[in-house]
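The structure under discussion appears below in the form of structure tokens.
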Amino acid sequence: MLARPPQWLCVRHIPALRRALSRAASDDPRWPGWAVVVGIEVHAQIKSRHKLFSESRTSTPDQPPNTLVTPFDAAFPGTLPRLNPKCVELGVKTAIALDADVQRRSAFDRKHYFYADLPQATRSPSIMDGRLQLGDGDTSVRIKQIQLEQDTGKSTYLPQQRASAIDLNRAGTGLMEIVSEPDMRTPEQASDYVRTLQALLRAVGSSDGNMEQGSLRCDVNVSVNRPGSKFGTRCEIKNLNSVKFMQIAIMSEVRRHISLLEQGAPVPQETRGFDEDRAETYSLRSKEDAPDYRYMPDPNLPPLLLDDTYIARMRASVPELPAATRARLLALGLARRDADVLMDVDAGRAVGHDGAGAVAYFDAVAAGRDPRLVVNWITHELLGQLAYRRETFAQNAVSAAQMGDLVDLVRRGFVTGTAGKVILREMMARRSLDMPWQIAQELSLMSRGDGAELEKWCAEAIAALPEEAEVVRRGNEKVVNKIVGHVMKASRGTANAQAIRVTLLRMLQ
Amino acid sequence: MIRPRWRGSRHAPSLIRHSSSHGYFSGSLEKINASVNALVSTASVLPPKRTGLPLSDFTVAIKDNICTSNMPTTCSSAMLQEFTPPFDATVVQLLQDNGARIIGKTNCDEFGMGSLNVHSLHGPVVNPHAPPGSPSRWAKRERRSAGGSSGGSAAAVAAKMCTAALATDTGGSIRLPASYCGVVGFKPSYGLISRWGVISYADSLDCVGIMARTVHRAEKMFDTLSVYDARDSTAAKPETRERVSVLYNMMQQWRASFLPGIRIGIPQEYFPSELQPEILQPFYHTLSYLQANGAELIPVSLPSTPYALSAYYVISSAEASSNMARYDGIQYGLNASPPEGTDTTKTANVYAHSRSRGFGKEVQKRILLGTHALSADAFDNYFLQAQRVRKLVRADFDRVFRTPNVLNYEDGMEPPATGPDRVHVLLHPSAIRTAPPLPRPDSPAQEQNDELSAYVQDVLTVPASLAGLPALSVPGRLAEDGWPVGITVVGQWGCDKMVLNVGKMCELAVQ
């Protein structure tokens, strides 16, 4: 049996392995005798200050409608597009992060359809074609192409007035359309793909990749076939608002296809929506209704020419990607679970734009210290306390310097672990620049337990717990822990637990 | 929702009211316009003259497809009848910065589509020219077309309503009316003058150009307008403009007043059967003058010329269908509510009513043809094929000109050597005939013929449009029927100065 490859290795170098894995995926007990094929088209909003072709600022959903609109966004006559180079940069960096070949020359096309949410009835994609691979877990999904497009505005139907309200704030915002090959074989692989892609986009900084807020949208193509036969007719599912719903939608669609095929009916090629309440897909439009977009090269936008110098510069500025981060953390000796915890914080929405993420925080604290010690303090204590206080990592007030100092104090025995936790909680409450040793002195938490005082506390504890003391005298050493606890309380955590234990056992011989 | 604010005066076809009793717009100008219908809006107030600026002495009229924020910009269309843009076109701003005073907006064919200036919400423009020795009073002169689509601009200049006028040329829309009205019409190289604020008909062909009574004045306007504008992504970059001026000097081009040594190409394909004989005499007269003063006349061949007209109409209609798609009456423009019972769930059904009411027949026709040319089935045979023809047309010009086309090679590359058999400029008649009579409303059969012949008028002008080359129409002698004839000078891309200089020579031929 082949050894399982380490999980961060891109399988693209081992085609045979990839094929073996994809064959294995077709024996899914949920639909025995059937193979599932999934491809995903992701539209990710580009995280630029300005829109793709106009100087308008990009918007957030909470802004009042039609306040971030220039005449160009509203397709006023006489206006012309001007390509935002920042959008190109972020698109190119994303392509580089996805291991794609960036086209040296791309052209913009107009796409024609009548709909109120994009008034000039055009979209302008630029094809940055790529053969590339994305590693997610054990499988690799190839990316067919990456394009830059304009986002549409928002259309809200008002049933009372029987009218649609149009908000053009979002119209013209840059989008990256990332189209995958149909390489996924299970709903779980599809979710994995989307989550990995989200983490990558956030790491690159090119998109927030947030499905609930609309900065990431997925259209999923699903088909089924008998193993060994060619791919079946695919249906597209649009307007999926979360990874979870996407997974449910895929399963529902697979079952629908299988049911049709088992009855001997063909699967009509359709575009479908997803009803969240009923957890099933429904038809939006059939192949016959599919519009002819009449693509035409856009005469107002010259072709985009990228030279090697530019691409090299972009490559150099792509930040560390998740796969590389994970590899680095594990190489430092961290347990996989701890690495995951740190990276999950960064992958989530909890990171501010200017604030460093959890991994960067860890890197700063771990510099010159034992990484395993540091990661425990961060993942167990700091994150734990933040959760208890219902705060996100972005709201963490304990600086890397403060954290590092605390770790040092405990390691060198100046405070006990327990005292350290008290200090941490104190720092989080104060939200100040006070260093741990300051706080330790203020609260009298510096370790004590030099002989005389320790003996005194032990004697008092033994006197206070005569029954337990007797049990220990008789030979049951385990019960001494209760007396240790008593001493700890008396010392308010400043005495070292090990030292207490040793002293007590000696006194109770 | 942006509500356009109507400023300037409103009018019925061929009538203009005074917008204010203190207006500069004098009685005689009003009377002229009543007969010519060149102006469709007038500025309510003319700013005071500012001396010392390049265009201090210029009053200028602006074609109504160029955005002005203080006057409506209708494109002679019902769709934009009430529309006042929230911004000024770059060219308008430049004119004002250089001291020109803008008197009003001129009539044109709707959205620039037409060759006779009869497809207009504001009614047709009537050519102000009256042949010498015409028996009747001027207002009763023979009603002939001023040409299109910039008929209003040409007529305003010809009737001396203003010093000069701005217009646009997509397939001949400046050169043709200039020829019919007997004025100078200049279409510069594509990309030299900013199109920001110019309402698009076909973006790869549209050029802002100038009409005036002399080449000298047209050149003064051109010099102030030929400026790089970063808001127009199709504008020629400063490096490119620099490259062409370096090349110009390197090639040791002759100076303005120095004809000997200039080689003028006469393209053989520009004398189609449709060309009416009365055009030739004035054309030969100018040629003889040039030759007598030292120019060499050389016959040249541009073999793709017969295909240029069809290619032009496919490309321009396709691009027009794309540009016209924005007019849906939602953000601005005419909004016609669909009647009761319409299925309003499909957006297209709602838009169709505004668009059918707002667009004239000619615009609708071109939208339909253009949409067809871009449809999946037809794309290869029409749109793509037209682009291939366009490439051939460009290559024809590059083969005959002495000056290489700087757009074809990059900095640092050696410009290709061009042989001694090449020419500096081309010369040809601007139009196949003199100004046609205006169609009468009560002759449908004649109109049918006129429809096709209207398109044929463009046959001599579209090749330079397809290739983006500078082209200047200069008045020659009057034809035998007493009507103006234009002579066109065409140069290589970027050689606008050379073209203007030859134009000045041609002017001398008729003085």
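Numbering starts fresh at 1 for the residues of each chain in the structure tokens, the chains themselves are lettered A, B, ... in the order given, and ligands are numbered from 1 as they appear.
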So which bits of stretch 249-374 of chain B end up strand (DSSP E or B) when you DSSP the backbone, as an MDAnalysis selection string? chainID B and resid 263:267 296:300
Writer output for current selection, N, CA, C and O atoms, as an mmCIF file, in the first residue's frame:
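So the final result, stored in out.cif, reads:
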```cif
data_model
loop_
_atom_site.group_PDB
_atom_site.id
_atom_site.type_symbol
_atom_site.label_atom_id
_atom_site.label_comp_id
_atom_site.auth_asym_id
_atom_site.auth_seq_id
_atom_site.Cartn_x
_atom_site.Cartn_y
_atom_site.Cartn_z
ATOM 1 N N ARG B 263 5.406 64.417 -52.257
ATOM 2 C CA ARG B 263 4.823 63.406 -53.113
ATOM 3 C C ARG B 263 3.390 63.167 -52.644
ATOM 4 O O ARG B 263 3.160 62.789 -51.494
ATOM 5 N N ILE B 264 2.456 63.432 -53.557
ATOM 6 C CA ILE B 264 1.037 63.295 -53.219
ATOM 7 C C ILE B 264 0.477 62.095 -53.949
ATOM 8 O O ILE B 264 0.562 62.013 -55.190
ATOM 9 N N GLY B 265 -0.071 61.171 -53.191
ATOM 10 C CA GLY B 265 -0.637 59.961 -53.794
ATOM 11 C C GLY B 265 -2.100 60.165 -54.136
ATOM 12 O O GLY B 265 -2.863 60.745 -53.365
ATOM 13 N N ILE B 266 -2.497 59.717 -55.332
ATOM 14 C CA ILE B 266 -3.906 59.765 -55.730
ATOM 15 C C ILE B 266 -4.397 58.321 -55.752
ATOM 16 O O ILE B 266 -3.986 57.535 -56.628
ATOM 17 N N PRO B 267 -5.228 57.937 -54.802
ATOM 18 C CA PRO B 267 -5.624 56.524 -54.735
ATOM 19 C C PRO B 267 -6.635 56.175 -55.825
ATOM 20 O O PRO B 267 -7.701 56.792 -55.932
ATOM 21 N N GLU B 296 4.676 66.457 -56.556
ATOM 22 C CA GLU B 296 4.624 65.330 -57.476
ATOM 23 C C GLU B 296 3.336 64.557 -57.230
ATOM 24 O O GLU B 296 3.025 64.239 -56.088
ATOM 25 N N LEU B 297 2.609 64.275 -58.291
ATOM 26 C CA LEU B 297 1.373 63.504 -58.139
ATOM 27 C C LEU B 297 1.634 62.081 -58.579
ATOM 28 O O LEU B 297 2.099 61.842 -59.688
ATOM 29 N N ILE B 298 1.336 61.133 -57.719
ATOM 30 C CA ILE B 298 1.647 59.730 -58.012
ATOM 31 C C ILE B 298 0.403 58.877 -57.827
ATOM 32 O O ILE B 298 -0.227 58.902 -56.768
ATOM 33 N N PRO B 299 0.014 58.129 -58.841
ATOM 34 C CA PRO B 299 -1.116 57.213 -58.616
ATOM 35 C C PRO B 299 -0.699 56.073 -57.695
ATOM 36 O O PRO B 299 0.384 55.523 -57.843
ATOM 37 N N VAL B 300 -1.546 55.772 -56.712
ATOM 38 C CA VAL B 300 -1.283 54.646 -55.815
ATOM 39 C C VAL B 300 -2.528 53.773 -55.764
ATOM 40 O O VAL B 300 -3.603 54.179 -56.200
#
```
Distance limit 8 Å, atoms considered: only C-alpha atoms. Which chain B residues sit that close to chain A? Return them as an MDAnalysis selection string. chainID B and resid 66:67 89 195:200 203:204 231:234 322 325:326 331:332 347:348 371 374:376
Calculated over only C-alpha atoms, which of the candidates B:Val423, B:Val91, B:Met113, B:Ala100 has the smallest distance to B:Leu53?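 So, comparing all the options, the nearest one is B:Ala100.
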Interatomic distance, atom CA of A:Thr156 to atom CA of A:Asp73 (Å, one decimal): 18.3 Å
From stretch 120-216 of chain B, collect each residue whose DSSP state is alpha helix (DSSP H) and return the set as a PyMOL selection string. chain B and resi 151-158+175-181+215-216
Can you write just those residues out, C-alpha atoms, as an mmCIF file, in the first residue's frame?
```
data_model
loop_
_atom_site.group_PDB
_atom_site.id
_atom_site.type_symbol
_atom_site.label_atom_id
_atom_site.label_comp_id
_atom_site.auth_asym_id
_atom_site.auth_seq_id
_atom_site.Cartn_x
_atom_site.Cartn_y
_atom_site.Cartn_z
ATOM 1 C CA GLY B 151 -24.511 68.924 -40.295
ATOM 2 C CA GLY B 152 -25.305 71.480 -37.624
ATOM 3 C CA SER B 153 -21.644 72.220 -36.877
ATOM 4 C CA ALA B 154 -20.788 72.586 -40.568
ATOM 5 C CA ALA B 155 -23.783 74.803 -41.249
ATOM 6 C CA ALA B 156 -23.131 77.017 -38.217
ATOM 7 C CA VAL B 157 -19.586 77.653 -39.400
ATOM 8 C CA ALA B 158 -20.602 78.099 -43.047
ATOM 9 C CA ARG B 175 -15.553 65.570 -43.665
ATOM 10 C CA LEU B 176 -18.806 64.973 -45.490
ATOM 11 C CA PRO B 177 -20.745 67.957 -44.104
ATOM 12 C CA ALA B 178 -17.617 70.099 -44.507
ATOM 13 C CA SER B 179 -17.547 69.149 -48.158
ATOM 14 C CA TYR B 180 -21.256 69.817 -48.661
ATOM 15 C CA CYS B 181 -21.227 73.156 -46.841
ATOM 16 C CA VAL B 215 -7.271 75.602 -41.996
ATOM 17 C CA HIS B 216 -5.340 78.056 -39.849
#
```
Taking only C-alpha atoms into account, which of A:Arg104, A:Lys244, A:Lys47, A:Lys230 comes nearest A:Glu276? A:Lys244
Give me the residues within 10 Å of stretch 485-488 of chain B as a PyMOL selection string, counting only C-alpha atoms and dropping any in the same chain fewer than 6 places off. chain B and resi 175-186+278-284+286-287+426-435+460-461+471-479+499+503+506-507
